[in-house]
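*Asks:* Sending over run01.cif (mmCIF, C-alpha atoms).
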data_coords
#
loop_
_atom_site.label_atom_id
_atom_site.label_comp_id
_atom_site.auth_asym_id
_atom_site.auth_seq_id
_atom_site.Cartn_x
_atom_site.Cartn_y
_atom_site.Cartn_z
CA MET A 454 8.08 -8.74 -7.74
CA ASP A 455 10.89 -11.24 -7.14
CA LEU A 456 10.57 -15.02 -7.48
CA PRO A 457 9.98 -15.79 -3.77
CA LYS A 458 7.14 -13.24 -3.66
CA LEU A 459 5.64 -14.66 -6.84
CA VAL A 460 5.74 -18.18 -5.40
CA SER A 461 4.18 -16.95 -2.15
CA MET A 462 1.37 -15.21 -4.04
CA LEU A 463 0.62 -18.29 -6.14
CA GLU A 464 0.97 -20.71 -3.24
CA ASN A 465 -1.23 -18.76 -0.83
CA LYS A 466 -3.56 -17.27 -3.45
CA ALA A 467 -3.02 -13.95 -1.72
CA LEU A 468 -1.49 -10.50 -2.12
CA TYR A 469 1.02 -9.37 0.47
CA PHE A 470 0.24 -6.07 2.21
CA SER A 471 3.15 -4.35 3.98
CA ARG A 472 2.62 -2.49 7.22
CA ALA A 473 3.14 1.20 6.45
CA SER A 474 5.84 1.44 9.12
CA HIS A 475 7.91 -1.00 7.02
CA LEU A 476 7.78 1.26 3.96
CA THR A 477 9.89 3.95 5.62
CA GLU A 478 13.16 2.52 4.28
CA ASP A 479 12.28 4.06 0.91
CA ASP A 480 10.49 7.10 2.34
CA PRO A 481 11.01 7.99 6.03
CA TYR A 482 7.96 10.29 5.84
CA GLU A 483 5.62 7.54 4.68
CA GLY A 484 2.23 7.98 6.35
CA LEU A 485 3.18 11.21 8.16
CA TYR A 486 1.74 14.70 8.12
CA PRO A 487 4.11 17.54 7.05
CA GLN A 488 5.72 19.29 10.02
CA GLY A 489 3.82 22.52 9.39
CA GLN A 490 0.55 20.63 9.49
CA VAL A 491 1.60 18.86 12.71
CA GLU A 492 2.04 22.29 14.29
CA ALA A 493 -1.42 23.30 13.10
CA ILE A 494 -2.89 20.11 14.56
CA ILE A 495 -1.21 20.76 17.90
CA ARG A 496 -2.60 24.30 17.91
CA GLY A 497 -6.08 22.95 17.16
CA TRP A 498 -5.89 20.42 19.98
CA ALA A 499 -4.64 23.09 22.37
CA GLU A 500 -7.46 25.47 21.46
CA GLU A 501 -10.06 22.77 22.10
CA ILE A 502 -8.48 21.78 25.42
CA ALA A 503 -8.23 25.42 26.49
CA LYS A 504 -12.02 25.80 26.24
CA ASP A 505 -12.50 23.37 29.12
CA ASP A 506 -9.19 23.71 30.94
CA ALA A 507 -9.88 23.99 34.66
CA HIS A 508 -6.38 25.34 35.31
CA SER A 509 -6.81 28.28 32.95
CA ARG A 510 -3.55 27.55 31.17
CA SER A 511 -2.62 29.50 28.08
CA ILE A 512 -2.78 27.87 24.67
CA GLN A 513 1.02 28.04 24.52
CA GLU A 514 1.31 26.14 27.81
CA ILE A 515 -1.07 23.45 26.60
CA GLU A 516 0.86 23.15 23.34
CA ALA A 517 4.05 22.63 25.34
CA ASP A 518 2.36 19.89 27.39
CA LEU A 519 1.21 18.13 24.23
CA ARG A 520 4.73 18.18 22.83
CA ASP A 521 6.10 16.84 26.13
CA GLN A 522 3.66 13.94 25.88
CA ASP A 523 4.90 13.33 22.33
CA LEU A 524 1.32 13.05 21.08
CA PRO A 525 2.17 14.06 17.49
CA GLN A 526 4.75 11.28 17.29
CA PHE A 527 2.30 8.84 18.86
CA SER A 528 -0.30 9.74 16.24
CA SER A 529 2.23 9.26 13.44
CA ASN A 530 3.36 5.89 14.79
CA TRP A 531 -0.26 4.83 15.18
CA LEU A 532 -0.98 5.65 11.53
CA GLN A 533 2.11 3.84 10.29
CA ALA A 534 1.44 0.76 12.41
CA ASN A 535 -2.21 0.26 11.58
CA PHE A 536 -2.33 0.57 7.81
CA LEU A 537 -1.40 -2.25 5.42
CA VAL A 538 -0.43 -1.26 1.88
CA ASN A 539 -0.12 -3.05 -1.47
CA GLY A 540 1.18 -0.83 -4.26
CA TRP A 541 0.89 -0.94 -8.07
CA TYR A 542 2.39 1.13 -10.88
CA LEU A 543 -0.45 2.60 -12.95
CA GLY A 544 0.57 3.30 -16.55
CA GLN A 545 -0.51 2.59 -20.10
CA GLN A 546 2.76 0.80 -20.86
CA GLU A 547 5.75 -0.70 -19.10
CA SER A 548 8.31 1.65 -17.61
CA MET A 549 12.02 0.93 -18.01
CA ALA A 550 12.64 3.11 -14.97
CA MET A 551 10.37 0.90 -12.85
CA TRP A 552 12.07 -2.25 -14.14
CA ARG A 553 15.43 -0.79 -13.09
CA LEU A 554 14.08 0.14 -9.67
CA TYR A 555 12.41 -3.16 -8.85
CA ALA A 556 14.20 -5.75 -11.00
CA ALA A 557 17.68 -4.33 -11.48
CA ASP A 558 19.16 -7.85 -11.51
CA LEU A 559 16.73 -8.90 -14.30
CA GLN A 560 15.25 -11.51 -11.97
CA GLY A 561 11.86 -10.05 -11.14
CA VAL A 562 8.47 -10.09 -12.84
CA VAL A 563 5.56 -7.75 -13.26
CA ILE A 564 1.96 -8.71 -12.67
CA VAL A 565 -0.21 -7.12 -15.35
CA SER A 566 -3.70 -6.24 -14.16
CA THR A 567 -6.28 -3.45 -14.28
CA TYR A 568 -8.08 -1.40 -11.66
CA LYS A 569 -11.29 -3.31 -12.38
CA ARG A 570 -9.57 -6.68 -12.01
CA LEU A 571 -7.91 -5.60 -8.76
CA ARG A 572 -11.20 -4.33 -7.37
CA LYS A 573 -12.99 -7.59 -8.18
CA ALA A 574 -10.15 -9.87 -7.08
CA PHE A 575 -10.63 -9.50 -3.35
CA THR A 576 -12.74 -12.27 -1.90
CA GLU A 577 -15.73 -11.81 0.36
CA ASP A 578 -13.45 -12.58 3.34
CA HIS A 579 -11.84 -9.15 2.90
CA PRO A 580 -14.31 -6.63 1.49
CA GLY A 581 -12.77 -3.73 3.41
CA VAL A 582 -9.98 -2.88 0.95
CA HIS A 583 -9.70 0.77 -0.07
CA ILE A 584 -8.19 1.31 -3.55
CA GLY A 585 -7.15 4.63 -5.00
CA MET A 586 -4.40 6.66 -6.64
CA VAL A 587 -1.67 8.19 -4.50
CA ARG A 588 -1.67 11.98 -4.71
CA TYR A 589 1.69 13.72 -4.85
CA ASP A 590 1.80 17.04 -3.02
CA ASP A 591 4.32 18.74 -0.74
CA GLY A 592 1.59 20.76 0.98
CA ALA A 593 -0.75 19.98 3.84
CA ARG A 594 -2.86 16.83 3.78
CA PRO A 595 -6.63 17.25 3.90
CA ALA A 596 -8.15 16.73 7.33
CA GLY A 597 -11.03 14.53 8.38
CA ASN A 598 -10.02 11.17 6.87
CA ALA A 599 -7.58 8.73 8.47
CA PHE A 600 -6.60 7.39 5.02
CA TYR A 601 -5.20 10.71 3.75
CA PRO A 602 -1.69 10.38 5.26
CA ILE A 603 -1.30 7.00 3.58
CA THR A 604 -2.69 8.10 0.20
CA TYR A 605 -0.53 11.24 -0.14
CA LYS A 606 3.21 11.33 -0.82
CA ARG A 607 5.75 14.02 -1.59
CA LYS A 608 6.18 15.14 -5.20
CA ALA A 609 9.66 13.59 -5.24
CA PHE A 610 7.90 10.21 -5.62
CA GLU A 611 5.60 11.27 -8.44
CA HIS A 612 7.43 9.01 -10.90
CA GLU A 613 5.91 5.98 -9.15
CA GLN A 614 2.36 6.75 -10.42
CA GLU A 615 1.20 4.51 -7.60
CA LEU A 616 -2.19 2.93 -7.16
CA ARG A 617 -2.61 1.67 -3.60
CA ALA A 618 -4.78 -0.96 -2.04
CA VAL A 619 -5.00 -0.12 1.67
CA VAL A 620 -6.43 -1.97 4.68
CA TRP A 621 -7.00 -0.40 8.08
CA THR A 622 -6.33 -2.99 10.77
CA ILE A 623 -8.03 -1.24 13.68
CA GLY A 624 -10.90 -3.46 14.80
CA ARG A 625 -13.35 -3.20 11.94
CA TYR A 626 -13.15 -1.22 8.76
CA ARG A 627 -15.76 -0.14 6.24
CA LEU A 628 -15.77 -0.41 2.47
CA SER A 629 -16.75 3.18 1.78
CA ASP A 630 -18.08 2.78 -1.76
CA GLU A 631 -20.72 0.22 -0.82
CA ALA A 632 -24.30 1.38 -0.23
CA GLU A 633 -24.66 -0.86 2.79
CA GLU A 634 -22.16 -1.07 5.62
CA THR A 635 -19.94 -4.06 4.92
CA PHE A 636 -17.42 -4.93 7.59
CA ALA A 637 -14.53 -7.35 7.82
CA GLU A 638 -11.78 -8.04 10.31
CA ILE A 639 -8.13 -8.85 9.98
CA GLU A 640 -5.82 -10.08 12.70
CA ILE A 641 -2.14 -9.25 12.53
CA ALA A 642 0.48 -9.65 15.24
CA ASP A 643 1.98 -6.40 16.53
CA GLU A 644 5.47 -7.33 15.34
CA ALA A 645 4.42 -8.67 11.92
CA PRO A 646 5.73 -6.63 8.95
CA GLY A 647 2.59 -7.31 6.94
CA ALA A 648 -0.13 -9.80 6.06
CA ASP A 649 -1.47 -11.86 3.17
CA ILE A 650 -4.97 -11.02 1.95
CA ASN A 651 -6.80 -13.57 -0.16
CA VAL A 652 -7.50 -12.79 -3.82
CA ASP A 653 -8.96 -14.51 -6.85
CA LEU A 654 -5.78 -15.00 -8.88
CA GLU A 655 -7.60 -15.70 -12.13
CA MET A 656 -9.45 -12.41 -11.79
CA LEU A 657 -6.40 -10.45 -10.65
CA ILE A 658 -3.74 -11.53 -13.12
CA GLN A 659 -4.09 -10.62 -16.77
CA GLU A 660 -0.61 -11.97 -17.43
CA ILE A 661 2.88 -12.15 -15.94
CA ARG A 662 5.85 -10.60 -17.75
CA THR A 663 9.55 -11.22 -17.39
CA PRO A 664 12.12 -8.38 -17.61
CA PRO A 665 13.48 -6.95 -20.86
CA GLY A 666 16.77 -8.66 -21.63
CA CYS A 667 16.43 -11.35 -18.97
CA PRO A 668 18.26 -14.66 -19.60
CA ALA A 669 16.31 -17.41 -21.35
CA TRP A 670 16.72 -19.71 -18.34
CA PHE A 671 14.99 -17.19 -16.06
CA HIS A 672 12.01 -16.81 -18.39
CA SER A 673 11.75 -20.61 -18.62
CA ALA A 674 11.93 -20.91 -14.84
CA ILE A 675 9.05 -18.45 -14.40
CA VAL A 676 6.96 -20.33 -16.98
CA ALA A 677 7.63 -23.60 -15.14
CA VAL A 678 6.67 -22.14 -11.75
CA VAL A 679 3.48 -20.55 -13.06
CA ASN A 680 2.45 -23.70 -14.93
CA ARG A 681 2.93 -25.75 -11.77
CA TYR A 682 0.46 -23.56 -9.92
CA ASN A 683 -1.84 -23.42 -12.94
CA ASP A 684 -2.09 -27.20 -12.69
CA ALA A 685 -2.38 -27.21 -8.90
CA HIS A 686 -5.08 -24.53 -8.65
CA GLY A 687 -6.86 -24.96 -11.97
CA LEU A 688 -5.64 -21.59 -13.27
CA SER A 689 -4.75 -20.39 -16.76
CA ILE A 690 -2.22 -17.63 -16.08
CA SER A 691 0.09 -16.88 -19.01
CA VAL A 692 3.71 -15.68 -18.98
CA SER A 693 5.16 -13.45 -21.69
CA ARG A 694 8.33 -11.49 -22.24
CA SER A 695 8.46 -7.76 -21.62
CA GLU A 696 6.82 -5.64 -24.31
CA LEU A 697 10.02 -3.54 -24.24
CA GLU A 698 11.86 -6.35 -26.05
CA SER A 699 10.15 -5.39 -29.31
CA PHE A 700 10.00 -2.07 -31.16
#
Reformat the file's structure so that it appears as structure tokens.
*Replies:*
Amino acid sequence: MDLPKLVSMLENKALYFSRASHLTEDDPYEGLYPQGQVEAIIRGWAEEIAKDDAHSRSIQEIEADLRDQDLPQFSSNWLQANFLVNGWYLGQQESMAMWRLYAADLQGVVIVSTYKRLRKAFTEDHPGVHIGMVRYDDGARPAGNAFYPITYKRKAFEHEQELRAVVWTIGRYRLSDEAEETFAEIEIADEAPGADINVDLEMLIQEIRTPPGCPAWFHSAIVAVVNRYNDAHGLSISVSRSELESF
């Protein structure tokens, strides 16, 4: 996380969730079904339509019509547009590879948390946040759950060990692990690249760490920024240097 994002999080007391369609710069297949599975989906649609087709068209003709209507692409765009994603690296220790990917200029920070803290950090205003590990598989995605395309990625991204918090922005969404049906709503403009979702910062943040080898002035600047918001919001968030600076 860079300094502007850190300031935004502390200022707004919120985590930023990116629209899945804005994650495609890193992975153009983000949120999509594999092509082979798309063909299987088209065949399934065609078979269902053929059962009631008054024109007695063949399955192949119906498949061609579906492709002409670009329904597979519509479905993919719909998935990418209507999911908001906030990603975390899940590991027992810091990763130098992740530092190099996300703070190559030594001017970023990591937020240290746990699954339990993340789960409890979302306020009652937004109970409909789905949290789970990304699965890395080059094969077909399971059917029957709209979240699967956004919680599966290709094995080429397995190094990310990503835990995702995901929000579905269509109308209402349900927190699936609650016994009762708990609903919430979120409004987001069609052109917006993402949205802030309120969190309890004290619950979420175990500590903030600065990069291994970062200049002393940058570490001091992060401490000053965090302390300013500690005072403003009555928080007690600590800042430490990367654990990779010791051996």
*Asks:* Care to translate the PyMOL selection byres ((chain A and resi 610) around 12) into actual residues of this file, as a list in words?
*Replies:* Asp479, Asp480, Tyr482, Glu483, Tyr542, Val587, Arg588, Tyr589, Asp590, Asp591, Tyr605, Lys606, Arg607, Lys608, Ala609, Glu611, His612, Glu613, Gln614 and Glu615 of chain A
*Asks:* Could you jot down the CA of Asn535 (chain A) to CA of Ile494 (chain A) separation for me, Å, one decimal place?
*Replies:*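 Atom-to-atom, CA of Asn535 (chain A) and CA of Ile494 (chain A) are spaced 20.1 Å apart.
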*Asks:* Could you check how far CA of Ala669 (chain A) sits from CA of Trp541 (chain A), in Å to one decimal?
*Replies:* 26.2 Å
*Asks:* List the neighbours of Thr604 (chain A) out to 12 Å using all atoms listed in the file; skip same-chain residues closer than 5 positions along the sequence, and give me the result as a PyMOL selection string.
*Replies:* chain A and resi 473+483-486+532-533+536-540+583-590+594-595+598-599+614-620
*Asks:* Under the PyMOL selection byres ((chain A and resi 675-685) around 9), which residues of this model are included? Write them out as a list in words.
*Replies:*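 What the PyMOL selection byres ((chain A and resi 675-685) around 9) grabs from the file is Leu456, Leu459, Val460, Leu463, Glu464, Val562, Ile661, Thr663, Trp670, Phe671, His672, Ser673, Ala674, His686, Gly687, Leu688, Ser689, Ile690, Ser691, Val692 and Ser693 of chain A.
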*Asks:* Write to file, as a short mmCIF file (atom, residue, chain, number, x, y, z; two decimals), keeping the file's coordinate frame, the residues of the selection just made, with C-alpha atoms.
*Replies:*
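Produced file again29.cif, reproduced below:
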data_model
loop_
_atom_site.label_atom_id
_atom_site.label_comp_id
_atom_site.auth_asym_id
_atom_site.auth_seq_id
_atom_site.Cartn_x
_atom_site.Cartn_y
_atom_site.Cartn_z
CA LEU A 456 10.57 -15.02 -7.48
CA LEU A 459 5.64 -14.66 -6.84
CA VAL A 460 5.74 -18.18 -5.40
CA LEU A 463 0.62 -18.29 -6.14
CA GLU A 464 0.97 -20.71 -3.24
CA VAL A 562 8.47 -10.09 -12.84
CA ILE A 661 2.88 -12.15 -15.94
CA THR A 663 9.55 -11.22 -17.39
CA TRP A 670 16.72 -19.71 -18.34
CA PHE A 671 14.99 -17.19 -16.06
CA HIS A 672 12.01 -16.81 -18.39
CA SER A 673 11.75 -20.61 -18.62
CA ALA A 674 11.93 -20.91 -14.84
CA HIS A 686 -5.08 -24.53 -8.65
CA GLY A 687 -6.86 -24.96 -11.97
CA LEU A 688 -5.64 -21.59 -13.27
CA SER A 689 -4.75 -20.39 -16.76
CA ILE A 690 -2.22 -17.63 -16.08
CA SER A 691 0.09 -16.88 -19.01
CA VAL A 692 3.71 -15.68 -18.98
CA SER A 693 5.16 -13.45 -21.69
#
*Asks:* Using the file's own x, y and z axes, so that the box edges lie along x, y and z, what centre and edge lengths in Å (one decimal) does a box around every listed atom of region 607-619 of chain A get when 5 Å is added on each side? Give it as AutoDock Vina command-line options.
*Replies:*
--center_x 2.3 --center_y 7.1 --center_z -4.6 --size_x 24.7 --size_y 26.1 --size_z 22.6
*Asks:* Nearest to Pro646 (chain A): which of A:Val582, A:Met462, A:Leu476, A:Ala493 is it, counting all atoms listed in the file?
*Replies:*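 Closest candidate: A:Leu476.
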*Asks:* Since I can't run it myself right now, could you work out what the PyMOL selection byres ((chain A and resi 654) around 9) selects here and report it as a compact mmCIF listing (two decimals) with C-alpha atoms, in the coordinates of the input?
*Replies:*
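Output contents, as saved in part-v2.txt:
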# COMPACT_ATOMS: atom_id res chain seq x y z
CA MET A 462 1.37 -15.21 -4.04
CA LEU A 463 0.62 -18.29 -6.14
CA LYS A 466 -3.56 -17.27 -3.45
CA ALA A 467 -3.02 -13.95 -1.72
CA ALA A 574 -10.15 -9.87 -7.08
CA ASN A 651 -6.80 -13.57 -0.16
CA VAL A 652 -7.50 -12.79 -3.82
CA ASP A 653 -8.96 -14.51 -6.85
CA GLU A 655 -7.60 -15.70 -12.13
CA MET A 656 -9.45 -12.41 -11.79
CA LEU A 657 -6.40 -10.45 -10.65
CA ILE A 658 -3.74 -11.53 -13.12
CA LEU A 688 -5.64 -21.59 -13.27
CA ILE A 690 -2.22 -17.63 -16.08
*Asks:* Between A:Gln545, A:Ser461, A:Ser699, A:Ser474, which residue has the minimum interatomic distance to Gly647 (chain A), considering only C-alpha atoms?
*Replies:*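 Checking each candidate against Gly647 (chain A), we get A:Ser474 as the closest.
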*Asks:* Looking at all atoms listed in the file, which of A:Ile512, A:Gln659, A:Ile650, A:Glu696 is the one that sits closest to Asn465 (chain A)?
*Replies:* A:Ile650
*Asks:* What is the distance, in Å and to one decimal place, between CA of Ser695 (chain A) and CA of Phe575 (chain A)?
*Replies:* 26.5 Å
